[in-house]
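Read the structure below first, then the notes.
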Amino acid sequence: MQWLNFAQFILPLILVLLGWVVGRILEKRHYASIREREQALAHVLVFSTRLPPPGVAQHRSSLVTGSVVVSSDYFKTFVAGLRNLVGGNFKSYETLMERGRREALLRLKAEAAAQGATMVIGLRFESSRIAGSQTPCMEVLAYGTALKP
């Protein structure tokens, strides 16, 4: 009986620790991938303005999008649950949203580059929570107008 009580306490602790370790590893890998692709796509300029910068010649244009669905890991969900009790910023979710925005922007830039565009104007972001899951999931959509010389 003593062993059963011990296991009921230790198992959730092990799961939280495992979630933290695996989540950190995966997050670091994703950030490394993001940094590599940001350097590779640095030639595609992105502006949030409605019109191209002054002096830009006439271009053909098309809509480009980048979308990503990101989900929280078990550890971040656990920590957010604790934070919900006392209030304050959800720092663990802030990194999740940052990764989502950067990934969506990279996918937008990749689509623009594949079309031969050198610039995107009118960049906008939309985000929405995906309901129906115990783990927080969010979709981040980036869209804009690709300008092709």
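Starting from 1 in every chain, residues are counted up; chains themselves are A, B, ... following the order of the structure tokens, and ligands are numbered from 1 as listed.
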
Would you list, as a ChimeraX atom specification, the residues of chain A that end up in helix (DSSP H, G or I) under DSSP run on this structure's backbone?
/A:2-40,74-86,91-114

So that I can see what lies close to Met138 (chain A), please list as a ChimeraX atom specification the residues with an atom at most 9 Å from it, counting only C-alpha atoms and leaving out residues fewer than 5 positions away in the same chain.
/A:68-72,96-97,100,127-131

Could you jot down the CA of Ser67 (chain A) to CA of Val21 (chain A) separation for me, Å, one decimal place?
27.0 Å

Show me, as a PyMOL selection string, the residues that have an atom within 12 Å of Pro52 (chain A) when counting only C-alpha atoms, minus same-chain residues fewer than 5 positions from it.
chain A and resi 45-47+57-59+61+118-123+144-148

Looking at A:Gly55, A:Ser62, A:Ile34, A:Gln8, which one is nearest to Arg101 (chain A), with distances taken over only C-alpha atoms?
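Answer, going by the shortest atom-to-atom distance: A:Ile34.
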
Restricting to only C-alpha atoms, whichever of A:Leu17, A:Leu63, A:Cys137, A:Ala113 is closest to Ala42 (chain A) is A:Ala113

Enumerate the residues of region 25-126 of chain A with a DSSP assignment of strand (DSSP E), computed from the backbone, and present them as number ranges by chain.
A: 45-46, 60-71, 119-126
